[in-house]
Structure formats: C-alpha cells, structure tokens
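What follows is the content of target-v1.csv (CSV, C-alpha atoms).
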```
chain,number,residue,atom,x,y,z
Y,1,MET,CA,26.7,29.0,75.9
Y,2,ASP,CA,28.7,26.2,77.6
Y,3,ARG,CA,31.3,25.1,74.8
Y,4,ARG,CA,31.7,21.7,76.3
Y,5,SER,CA,27.9,21.1,76.2
Y,6,PHE,CA,27.7,22.4,72.7
Y,7,PHE,CA,30.4,20.1,71.2
Y,8,LYS,CA,28.9,17.1,73.1
Y,9,LYS,CA,25.5,17.8,71.5
Y,10,ALA,CA,27.1,18.4,68.1
Y,11,ALA,CA,28.9,15.1,68.3
Y,12,VAL,CA,25.7,13.2,69.2
Y,13,THR,CA,23.8,14.9,66.4
Y,14,GLY,CA,26.6,14.1,63.9
Y,15,ALA,CA,26.7,10.5,65.0
Y,16,GLY,CA,23.0,10.2,64.7
Y,17,ALA,CA,23.1,11.6,61.1
Y,18,ALA,CA,25.8,9.2,60.1
Y,19,ALA,CA,23.8,6.3,61.6
Y,20,ALA,CA,20.7,7.5,59.7
Y,21,THR,CA,22.7,7.6,56.5
Y,22,THR,CA,24.0,4.1,57.2
Y,23,LEU,CA,20.6,2.8,57.9
Y,24,ALA,CA,18.9,4.5,54.9
Y,25,ALA,CA,20.9,2.7,52.2
Y,26,PRO,CA,19.6,-0.8,53.1
Y,27,ALA,CA,16.0,0.6,53.5
Y,28,ILE,CA,16.2,2.1,50.0
Y,29,ALA,CA,17.7,-1.2,48.6
Y,30,GLN,CA,14.8,-3.1,50.0
Y,31,SER,CA,12.2,-0.8,48.4
Y,32,MET,CA,14.1,-0.9,45.1
Y,33,PRO,CA,15.1,-4.5,44.7
Y,34,LYS,CA,16.7,-5.9,41.5
Y,35,ILE,CA,13.9,-7.6,39.6
Y,36,THR,CA,13.8,-8.9,36.0
Y,37,TRP,CA,10.6,-9.9,34.2
Y,38,ARG,CA,10.0,-11.4,30.8
Y,39,LEU,CA,7.3,-10.0,28.6
Y,40,THR,CA,6.0,-12.0,25.6
Y,41,SER,CA,4.2,-10.0,22.8
Y,42,SER,CA,1.6,-11.2,20.4
Y,43,PHE,CA,3.1,-9.1,17.7
Y,44,PRO,CA,6.2,-9.1,15.4
Y,45,LYS,CA,9.0,-6.7,15.9
Y,46,SER,CA,8.5,-5.3,12.4
Y,47,LEU,CA,5.4,-3.4,13.7
Y,48,ASP,CA,7.1,-0.6,15.6
Y,49,THR,CA,3.7,0.8,16.5
Y,50,ILE,CA,2.0,-2.1,18.2
Y,51,TYR,CA,5.0,-4.1,19.2
Y,52,GLY,CA,6.6,-0.8,20.2
Y,53,GLY,CA,4.0,-0.5,23.0
Y,54,ALA,CA,5.8,-3.3,24.9
Y,55,GLU,CA,9.1,-1.6,24.4
Y,56,ASP,CA,7.6,1.7,25.7
Y,57,ILE,CA,6.6,-0.1,28.9
Y,58,ALA,CA,10.0,-1.6,29.4
Y,59,LYS,CA,11.8,1.6,28.9
Y,60,ARG,CA,9.6,3.6,31.2
Y,61,VAL,CA,9.8,1.0,34.0
Y,62,ALA,CA,13.6,0.9,33.8
Y,63,ALA,CA,14.0,4.7,33.8
Y,64,ALA,CA,11.7,5.2,36.7
Y,65,THR,CA,13.4,2.6,38.9
Y,66,ASP,CA,17.0,3.4,37.9
Y,67,GLY,CA,17.3,0.1,36.1
Y,68,ASN,CA,16.4,-1.9,39.2
Y,69,PHE,CA,13.1,-3.3,37.6
Y,70,THR,CA,13.8,-4.5,34.1
Y,71,ILE,CA,11.4,-6.1,31.6
Y,72,GLN,CA,12.8,-8.1,28.7
Y,73,THR,CA,10.5,-8.0,25.7
Y,74,PHE,CA,10.1,-10.9,23.3
Y,75,ALA,CA,8.3,-10.9,19.9
Y,76,ALA,CA,5.6,-13.4,19.0
Y,77,GLY,CA,7.1,-16.9,18.6
Y,78,GLU,CA,10.3,-16.2,20.5
Y,79,ILE,CA,8.9,-17.8,23.7
Y,80,VAL,CA,5.4,-18.8,22.8
Y,81,PRO,CA,3.2,-18.3,19.7
Y,82,GLY,CA,1.4,-14.9,19.6
Y,83,LEU,CA,-2.0,-16.2,20.4
Y,84,GLN,CA,-0.8,-18.0,23.5
Y,85,ALA,CA,0.7,-15.0,25.2
Y,86,ALA,CA,-1.9,-14.7,28.0
Y,87,ASP,CA,-1.9,-18.4,28.5
Y,88,ALA,CA,1.9,-18.2,29.2
Y,89,VAL,CA,1.3,-15.5,31.8
Y,90,SER,CA,-1.5,-17.4,33.5
Y,91,ALA,CA,0.7,-20.5,33.7
Y,92,GLY,CA,3.6,-18.5,35.1
Y,93,THR,CA,5.9,-19.3,32.1
Y,94,VAL,CA,6.5,-15.5,31.8
Y,95,GLU,CA,5.5,-12.7,34.2
Y,96,MET,CA,3.8,-10.5,31.6
Y,97,CYS,CA,2.5,-10.2,28.1
Y,98,HIS,CA,1.3,-7.5,25.6
Y,99,THR,CA,-1.6,-8.8,23.7
Y,100,CYS,CA,-5.3,-8.4,22.7
Y,101,SER,CA,-7.8,-9.7,25.2
Y,102,TYR,CA,-10.1,-10.9,22.4
Y,103,TYR,CA,-7.6,-13.5,21.2
Y,104,TYR,CA,-8.9,-15.6,24.1
Y,105,VAL,CA,-12.6,-15.6,23.3
Y,106,GLY,CA,-12.4,-19.4,23.0
Y,107,LYS,CA,-12.0,-19.6,26.8
Y,108,ASP,CA,-14.8,-17.1,27.5
Y,109,PRO,CA,-16.5,-14.5,25.2
Y,110,THR,CA,-16.1,-12.0,28.0
Y,111,PHE,CA,-12.4,-11.6,26.9
Y,112,ALA,CA,-13.7,-9.9,23.8
Y,113,ILE,CA,-15.0,-6.9,25.7
Y,114,GLY,CA,-11.5,-6.2,27.0
Y,115,THR,CA,-10.3,-5.3,23.5
Y,116,ALA,CA,-13.4,-4.3,21.4
Y,117,ILE,CA,-16.7,-5.7,20.4
Y,118,PRO,CA,-18.6,-5.0,17.2
Y,119,PHE,CA,-20.3,-1.6,17.4
Y,120,GLY,CA,-18.6,-0.8,20.7
Y,121,LEU,CA,-16.8,2.2,21.9
Y,122,ASN,CA,-14.4,4.5,20.0
Y,123,ALA,CA,-10.9,5.1,21.3
Y,124,ARG,CA,-11.7,8.2,23.4
Y,125,LEU,CA,-14.8,6.6,25.0
Y,126,THR,CA,-12.8,3.4,25.6
Y,127,ASN,CA,-10.3,5.4,27.6
Y,128,GLY,CA,-13.1,7.0,29.5
Y,129,TRP,CA,-14.8,3.7,30.4
Y,130,PHE,CA,-11.5,2.1,31.5
Y,131,TYR,CA,-10.0,5.0,33.4
Y,132,GLN,CA,-13.0,6.8,34.8
Y,133,GLY,CA,-15.9,4.3,34.4
Y,134,ASN,CA,-16.1,0.7,35.6
Y,135,GLY,CA,-14.2,-0.9,32.7
Y,136,ASN,CA,-10.8,-1.6,34.4
Y,137,LYS,CA,-12.4,-2.6,37.7
Y,138,LEU,CA,-14.9,-5.0,36.2
Y,139,LEU,CA,-12.6,-6.6,33.7
Y,140,ASN,CA,-9.9,-7.1,36.4
Y,141,GLU,CA,-12.5,-8.9,38.5
Y,142,PHE,CA,-13.0,-11.2,35.5
Y,143,TYR,CA,-9.3,-11.5,34.6
Y,144,ALA,CA,-8.5,-12.5,38.2
Y,145,THR,CA,-10.4,-15.7,37.6
Y,146,HIS,CA,-7.7,-16.6,35.1
Y,147,GLY,CA,-4.8,-15.6,37.3
Y,148,LEU,CA,-4.3,-12.2,35.5
Y,149,VAL,CA,-4.1,-8.5,36.2
Y,150,GLY,CA,-4.6,-6.3,33.2
Y,151,TYR,CA,-3.9,-2.6,32.3
Y,152,ILE,CA,-4.7,-1.0,29.0
Y,153,ALA,CA,-1.5,-0.4,27.2
Y,154,GLY,CA,-2.3,0.7,23.6
Y,155,ASN,CA,-5.1,1.6,21.2
Y,156,THR,CA,-5.1,1.7,17.4
Y,157,GLY,CA,-8.1,3.9,17.0
Y,158,ALA,CA,-10.9,2.9,14.6
Y,159,GLN,CA,-9.5,0.3,12.3
Y,160,MET,CA,-9.9,-0.5,8.6
Y,161,GLY,CA,-12.4,-3.2,7.6
Y,162,GLY,CA,-9.8,-5.3,5.8
Y,163,TRP,CA,-8.4,-6.6,2.5
Y,164,PHE,CA,-10.6,-8.5,0.1
Y,165,ARG,CA,-9.8,-10.3,-3.2
Y,166,LYS,CA,-13.2,-9.3,-4.5
Y,167,GLU,CA,-15.7,-6.5,-4.1
Y,168,ILE,CA,-18.2,-6.8,-1.3
Y,169,ASN,CA,-21.2,-4.8,-2.3
Y,170,THR,CA,-24.0,-6.6,-0.7
Y,171,VAL,CA,-24.6,-8.9,2.2
Y,172,ASP,CA,-24.8,-11.9,-0.1
Y,173,ASP,CA,-21.2,-11.2,-1.3
Y,174,PHE,CA,-20.0,-12.3,2.2
Y,175,LYS,CA,-21.2,-15.8,1.7
Y,176,GLY,CA,-18.4,-18.3,1.7
Y,177,VAL,CA,-15.7,-15.8,2.2
Y,178,LYS,CA,-12.9,-17.2,4.3
Y,179,MET,CA,-11.7,-14.2,6.4
Y,180,ARG,CA,-9.1,-13.7,9.1
Y,181,ILE,CA,-11.0,-11.8,11.7
Y,182,ALA,CA,-10.6,-11.8,15.5
Y,183,GLY,CA,-12.8,-11.7,18.5
Y,184,LEU,CA,-16.6,-11.8,18.5
Y,185,ALA,CA,-16.5,-10.1,15.1
Y,186,GLY,CA,-16.0,-13.5,13.6
Y,187,ARG,CA,-19.2,-14.8,15.1
Y,188,VAL,CA,-21.1,-11.7,13.9
Y,189,VAL,CA,-20.0,-12.0,10.2
Y,190,GLU,CA,-20.5,-15.8,10.4
Y,191,LYS,CA,-24.2,-15.0,10.7
Y,192,LEU,CA,-23.9,-13.4,7.2
Y,193,GLY,CA,-22.1,-16.4,5.7
Y,194,VAL,CA,-18.4,-15.5,6.3
Y,195,VAL,CA,-16.1,-18.4,7.4
Y,196,PRO,CA,-14.0,-16.8,10.1
Y,197,GLN,CA,-10.4,-17.7,10.7
Y,198,GLN,CA,-8.2,-16.9,13.8
Y,199,ILE,CA,-4.7,-16.3,12.5
Y,200,ALA,CA,-1.8,-14.4,14.2
Y,201,GLY,CA,-0.6,-11.2,12.6
Y,202,GLY,CA,2.7,-12.7,11.2
Y,203,ASP,CA,0.8,-15.5,9.5
Y,204,ILE,CA,-1.8,-13.4,7.6
Y,205,TYR,CA,0.2,-12.5,4.5
Y,206,PRO,CA,1.2,-16.1,3.5
Y,207,SER,CA,-2.4,-17.2,4.1
Y,208,LEU,CA,-3.7,-14.5,1.8
Y,209,GLU,CA,-0.9,-15.2,-0.8
Y,210,LYS,CA,-1.6,-18.9,-0.9
Y,211,GLY,CA,-5.4,-18.4,-1.1
Y,212,THR,CA,-5.9,-20.2,2.3
Y,213,ILE,CA,-8.1,-17.2,3.1
Y,214,ASP,CA,-10.0,-14.7,0.8
Y,215,ALA,CA,-9.9,-11.7,3.1
Y,216,ALA,CA,-8.2,-10.4,6.2
Y,217,GLU,CA,-8.4,-7.6,8.7
Y,218,TRP,CA,-5.5,-6.4,10.8
Y,219,VAL,CA,-5.2,-2.8,11.9
Y,220,GLY,CA,-4.9,0.0,9.5
Y,221,PRO,CA,-2.9,1.6,6.7
Y,222,TYR,CA,0.5,1.9,8.4
Y,223,ASP,CA,0.7,-1.7,9.8
Y,224,ASP,CA,-1.1,-3.2,6.8
Y,225,GLN,CA,1.3,-1.6,4.4
Y,226,LYS,CA,4.3,-3.0,6.4
Y,227,LEU,CA,2.8,-6.5,6.2
Y,228,GLY,CA,2.3,-6.2,2.5
Y,229,PHE,CA,-1.4,-7.1,2.2
Y,230,TYR,CA,-1.9,-4.7,-0.7
Y,231,LYS,CA,0.3,-7.0,-2.8
Y,232,VAL,CA,-2.2,-9.9,-2.6
Y,233,ALA,CA,-5.6,-8.3,-2.2
Y,234,LYS,CA,-6.5,-5.0,-3.8
Y,235,TYR,CA,-9.9,-4.0,-2.2
Y,236,TYR,CA,-9.5,-2.2,1.1
Y,237,TYR,CA,-12.7,-1.7,3.0
Y,238,TYR,CA,-13.7,0.6,5.9
Y,239,PRO,CA,-14.5,1.0,8.7
Y,240,ALA,CA,-13.9,-2.0,11.0
Y,241,PHE,CA,-17.3,-1.7,12.7
Y,242,TRP,CA,-16.0,-4.4,15.1
Y,243,GLU,CA,-13.0,-2.4,16.3
Y,244,GLY,CA,-13.9,1.3,16.8
Y,245,GLY,CA,-11.3,1.7,19.6
Y,246,PRO,CA,-9.6,-1.6,20.3
Y,247,VAL,CA,-7.4,-1.9,23.3
Y,248,ILE,CA,-4.1,-3.7,23.6
Y,249,HIS,CA,-3.6,-5.1,27.1
Y,250,ALA,CA,-0.6,-5.6,29.3
Y,251,PHE,CA,-1.4,-8.7,31.3
Y,252,MET,CA,0.6,-9.6,34.4
Y,253,ASN,CA,0.6,-12.9,36.4
Y,254,LYS,CA,-1.6,-11.9,39.3
Y,255,ALA,CA,0.6,-13.6,42.0
Y,256,LYS,CA,3.8,-12.1,40.5
Y,257,PHE,CA,2.2,-8.6,40.3
Y,258,GLU,CA,1.0,-8.7,43.8
Y,259,ALA,CA,4.5,-9.7,45.0
Y,260,LEU,CA,6.0,-6.6,43.5
Y,261,PRO,CA,6.8,-3.6,45.8
Y,262,LYS,CA,4.0,-1.1,45.7
Y,263,ALA,CA,6.2,1.4,44.1
Y,264,TYR,CA,6.9,-1.0,41.2
Y,265,GLN,CA,3.2,-1.7,40.8
Y,266,ALA,CA,2.6,2.0,40.5
Y,267,VAL,CA,5.5,2.5,38.0
Y,268,LEU,CA,4.2,-0.4,35.9
Y,269,GLU,CA,0.6,1.1,35.8
Y,270,ASP,CA,2.0,4.5,34.8
Y,271,ALA,CA,4.2,2.9,32.1
Y,272,CYS,CA,1.2,1.1,30.6
Y,273,ALA,CA,-0.8,4.4,30.6
Y,274,PHE,CA,2.1,6.1,28.6
Y,275,ALA,CA,2.2,3.2,26.1
Y,276,ASN,CA,-1.6,3.5,25.7
Y,277,THR,CA,-1.4,7.2,24.8
Y,278,ASN,CA,1.8,7.0,22.7
Y,279,MET,CA,0.5,4.1,20.5
Y,280,MET,CA,-2.6,6.1,19.6
Y,281,ALA,CA,-0.4,9.1,18.8
Y,282,LYS,CA,1.8,7.0,16.5
Y,283,TYR,CA,-1.2,5.7,14.5
Y,284,ASP,CA,-2.7,9.1,14.2
Y,285,THR,CA,0.6,10.4,12.7
Y,286,LYS,CA,1.6,7.4,10.5
Y,287,ASN,CA,-1.8,6.3,9.1
Y,288,PRO,CA,-2.5,9.5,7.0
Y,289,ILE,CA,0.8,9.1,5.2
Y,290,ALA,CA,0.4,5.3,4.7
Y,291,ILE,CA,-3.1,5.5,3.2
Y,292,LYS,CA,-2.0,7.9,0.5
Y,293,GLU,CA,0.9,5.6,-0.4
Y,294,LEU,CA,-1.3,2.6,-0.5
Y,295,VAL,CA,-3.7,4.3,-2.9
Y,296,ALA,CA,-0.8,5.3,-5.1
Y,297,GLN,CA,0.3,1.7,-5.1
Y,298,GLY,CA,-3.0,0.6,-6.6
Y,299,THR,CA,-5.1,-0.1,-3.5
Y,300,ILE,CA,-8.9,0.4,-4.1
Y,301,LEU,CA,-10.7,2.0,-1.2
Y,302,ARG,CA,-14.3,1.0,-0.6
Y,303,PRO,CA,-16.8,1.7,2.2
Y,304,PHE,CA,-19.0,-1.0,3.6
Y,305,SER,CA,-22.5,-0.3,2.3
Y,306,GLN,CA,-25.3,0.9,4.7
Y,307,GLU,CA,-27.0,-2.5,4.0
Y,308,ILE,CA,-24.0,-4.4,5.2
Y,309,LEU,CA,-23.5,-2.2,8.3
Y,310,ASP,CA,-27.2,-2.5,9.2
Y,311,ALA,CA,-27.2,-6.3,8.8
Y,312,CYS,CA,-24.0,-6.6,10.9
Y,313,PHE,CA,-25.5,-4.4,13.6
Y,314,LYS,CA,-28.6,-6.6,13.8
Y,315,ALA,CA,-26.4,-9.7,13.9
Y,316,ALA,CA,-24.3,-8.3,16.7
Y,317,MET,CA,-27.3,-7.4,18.8
Y,318,GLU,CA,-28.6,-10.9,18.3
Y,319,LEU,CA,-25.3,-12.4,19.3
Y,320,TYR,CA,-25.1,-10.3,22.5
Y,321,GLY,CA,-28.6,-11.4,23.4
Y,322,GLU,CA,-27.5,-15.0,23.0
Y,323,ILE,CA,-24.4,-14.6,25.1
Y,324,THR,CA,-25.9,-12.5,27.9
Y,325,ALA,CA,-28.6,-15.1,28.4
Y,326,LYS,CA,-26.0,-17.7,29.5
Y,327,ASN,CA,-22.9,-15.9,30.6
Y,328,GLU,CA,-23.1,-13.8,33.8
Y,329,TRP,CA,-19.6,-12.2,33.5
Y,330,PHE,CA,-20.3,-11.1,29.9
Y,331,LYS,CA,-23.8,-9.8,30.9
Y,332,LYS,CA,-22.5,-7.7,33.8
Y,333,ILE,CA,-19.6,-6.1,31.9
Y,334,TYR,CA,-21.4,-5.7,28.6
Y,335,GLU,CA,-24.4,-4.0,30.2
Y,336,ASP,CA,-22.1,-1.6,32.1
Y,337,GLN,CA,-20.3,-0.7,28.8
Y,338,VAL,CA,-23.6,-0.2,26.9
Y,339,ALA,CA,-24.8,2.3,29.6
Y,340,TYR,CA,-21.5,4.2,29.3
Y,341,LYS,CA,-21.7,4.2,25.5
Y,342,ARG,CA,-25.3,5.5,25.5
Y,343,GLU,CA,-24.3,8.5,27.5
Y,344,GLY,CA,-21.0,9.0,25.8
Y,345,TYR,CA,-22.4,9.2,22.3
Y,346,LEU,CA,-25.1,11.5,23.5
Y,347,TRP,CA,-22.4,14.0,24.4
Y,348,THR,CA,-20.1,13.2,21.5
Y,349,GLN,CA,-22.6,14.0,18.8
Y,350,LEU,CA,-22.8,17.6,20.3
Y,351,SER,CA,-19.1,18.0,20.7
Y,352,GLU,CA,-16.6,15.9,18.7
Y,353,TYR,CA,-18.9,14.9,15.9
Y,354,THR,CA,-20.1,18.5,15.1
Y,355,TYR,CA,-16.6,20.0,15.3
Y,356,ASP,CA,-14.9,17.2,13.3
Y,357,THR,CA,-17.6,17.2,10.6
Y,358,PHE,CA,-17.1,20.9,10.1
Y,359,MET,CA,-13.3,20.6,10.0
Y,360,MET,CA,-13.5,17.6,7.5
Y,361,ILE,CA,-15.6,19.7,5.2
Y,362,GLN,CA,-12.9,22.4,5.3
Y,363,GLN,CA,-10.3,19.8,4.5
Y,364,ARG,CA,-12.2,18.4,1.5
Y,365,ASN,CA,-12.7,21.9,0.2
Y,366,GLY,CA,-8.9,22.5,0.3
Y,367,LYS,CA,-9.1,25.2,3.0
Y,368,LEU,CA,-6.8,23.5,5.5
```
Conversion result in structure tokens:
Amino acid sequence: MDRRSFFKKAAVTGAGAAAATTLAAPAIAQSMPKITWRLTSSFPKSLDTIYGGAEDIAKRVAAATDGNFTIQTFAAGEIVPGLQAADAVSAGTVEMCHTCSYYYVGKDPTFAIGTAIPFGLNARLTNGWFYQGNGNKLLNEFYATHGLVGYIAGNTGAQMGGWFRKEINTVDDFKGVKMRIAGLAGRVVEKLGVVPQQIAGGDIYPSLEKGTIDAAEWVGPYDDQKLGFYKVAKYYYYPAFWEGGPVIHAFMNKAKFEALPKAYQAVLEDACAFANTNMMAKYDTKNPIAIKELVAQGTILRPFSQEILDACFKAAMELYGEITAKNEWFKKIYEDQVAYKREGYLWTQLSEYTYDTFMMIQQRNGKL
C-alpha cells in the first residue's frame, strides 16, 4: 500500500467525520427544541388519582425529550375554573388541558360521547373503541371544529352512583332531588324528576354541606372519601349507569399541536396512553381499600333498584333518539359506538363476565 495515499485518505475521512459531528449537533437541536407548555386541569391537586394523570403526562414528556419539552401543570382555578379548561385551550390561553369532554355538553351534546354516556361502554371496551375502533378518529374530527386535538388520558372504571341524603328506592323518590351530575346523565335523570346541577369537583362538598344540593356523584370510593362526602350524605348508591368507563381527555390547541415537531407529537400521544393505563391501575388498587373504610365510617351502601335502572335506560334511549334526530355529529359518532358496543358485549358475556362471575363467587365464599 502507498503510505502517502493511505494517510491522505485517512485525513480526508477524519475531517469528514469531524464535519459530520459538527453538523449533527445543530440538526439534533432543531429536532429537539426547547418548548414549554401550560396545562390546566379540571381537578384539584388533592386528587392524586385524577389530577395525577396530568402530572404523569408532564413527567413522561420531559423524560422522553431530555427536558426539552416541558409541560407545566396547574390545578383547577389556578389559571381558569375547572369547567372552563377546554375553552381556555380553544382560545389559546393555554396550550393544553386535562378534563372531561362531557363538561362541555352545553356547547354540543356530542362532547358527552368523548367521556361517557348513560349505558355506554365499560372501561375495557372504551379503550378498544378509541384505540382500535373509530372512536379517536371520529371524535377528533368533531373536536377539530372547536380548535382541539384530543387523546384519552385516563379512565376511572365504572363509577359509583353517588351520595344521597335520603334513600332512593323507587323512581318517584327521584322527584325534586337536586343532584350534582355531569354530562347527558343530567338530562336522563331529569326525565325522572331530578333537578340536575353542573358543579366542579372542588365545589361539591360545600354545596352538599349547605343543602344547596341533595345528592352528588363524583367518581368512586377513593376520591369521594378524600372529598369528604360521607360526612354530609350517608347513602352511597351504585352503579353509575351513566359512567361505565368514563374517559379523561388531554386536549391540545390544534394549531399549537400541529406546530410541534413530529417527535414531540408522538411523545405526547404515548404519554397520554401511559396516563390512561396508570389512572385505571390506581383506581383498581385504591378503591377496594377505600370502600371498606367508608363502610366502617358509617356509609350505607345501596344498589339502584331494577325499576330505577330500567326507567333510566328507557329515558336514555328516548334522549338519544331526540338528539340524533337533529344533531348529525352526535348521530354519526353515537351510532358507531353502539355498533361497537353490540359486538363487544356479545364477546364479553362469554369471556370476562363468565370468568369474573365465577371468581366473585369464590371471593364471597371466602376461598380467595
């Protein structure tokens, strides 16, 4: 080998490598720019489960981008009231929020489907519809008309039916009851005589305590215990037929989201998926402990009667007929979810239901 030729080539190669290294740094910097977003939550910091979903998103995004993309989280009321979180995102006041879509049914009843509708999907089928069915696609087509992009970022599982000052044994017992209840559920129980109230989570306890309302639903044992509802209403009903698997959404301002580097968009989507899974795991772990503590503190558990469930189911179907007759967005998305639900529960009754029923019998018999 010609030594002079070898060293000449080596020098060129070395210079090329150095140049590549020099050029790579700005390219990486451009793909990982420093970006800070603000996220406003609809929930108080005291609820580590549901508010914690926003914190999970922020932590995951920061970790995946080496701290280049940071999301500052704010509790309800720190920037805007809890029930105005999505409005603030649409307006560009903040880039992002963590909220329930059904808080905004006053704008359009279609928002309710994004969280949960009475006699809708359970948590597992909800994930299936959003991730593998048409749920996320169809709802984001709708959300885009409000300047939003949404990812599911939490689920509580089937909720409790709420706290009541008096027993609710028949449909007639609902008449005149002033109840904090969100989404389309309020319009369903209104058909049975309930006077629905839309109140943010942090304001429910004082409303119950002062007698402004007679009943309230929130989430389930762990969160409800933290908020102290058992101190002012002793009857705890189940299940929340209006929230079989309610979603908490991360909403992003559409223009701000689309301006993000593609890598950051992917990181944000993955962080929301983690928050979705982790929130459900938290509730499944914490609720069994909390429900035993609540009963020990004097809470009286009551199931809604079959009469009440049947009457509410009938009222819900009537309401959906009324809405689909005049709202094309609702009709399109609702009918897609119903088709998914029909097939989902056909399978679930063979698999999950049969297995879970057997295991619950073993638990009741003290064999677990």
_Distance of CA of Ile113 in chain Y from CA of Phe330 in chain Y, expressed in Å to one decimal place_ = 8.0 Å
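Ranking Y:Thr156, Y:Thr49, Y:Gln306, Y:Gln337 by their shortest atom-to-atom distance to Ile117 in chain Y, with all atoms listed in the file included, puts Y:Gln337 first.
One distance worth recording is that between CA of Tyr222 in chain Y and CA of Lys286 in chain Y, which is 6.0 Å.
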*asked:* Neighbouring residues of range 144-154 of chain Y were defined as those with any atom within 6 Å, considering only C-alpha atoms; residues of the same chain fewer than 3 positions away were excluded. Please report them as number ranges by chain.
replied: Y: 90, 140-141, 247-254, 272-273, 275-276, 279
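Ranking Y:Asp66, Y:Asp310, Y:Asp224, Y:Glu335 by their shortest atom-to-atom distance to Leu294 in chain Y, with all atoms listed in the file included, puts Y:Asp224 first.
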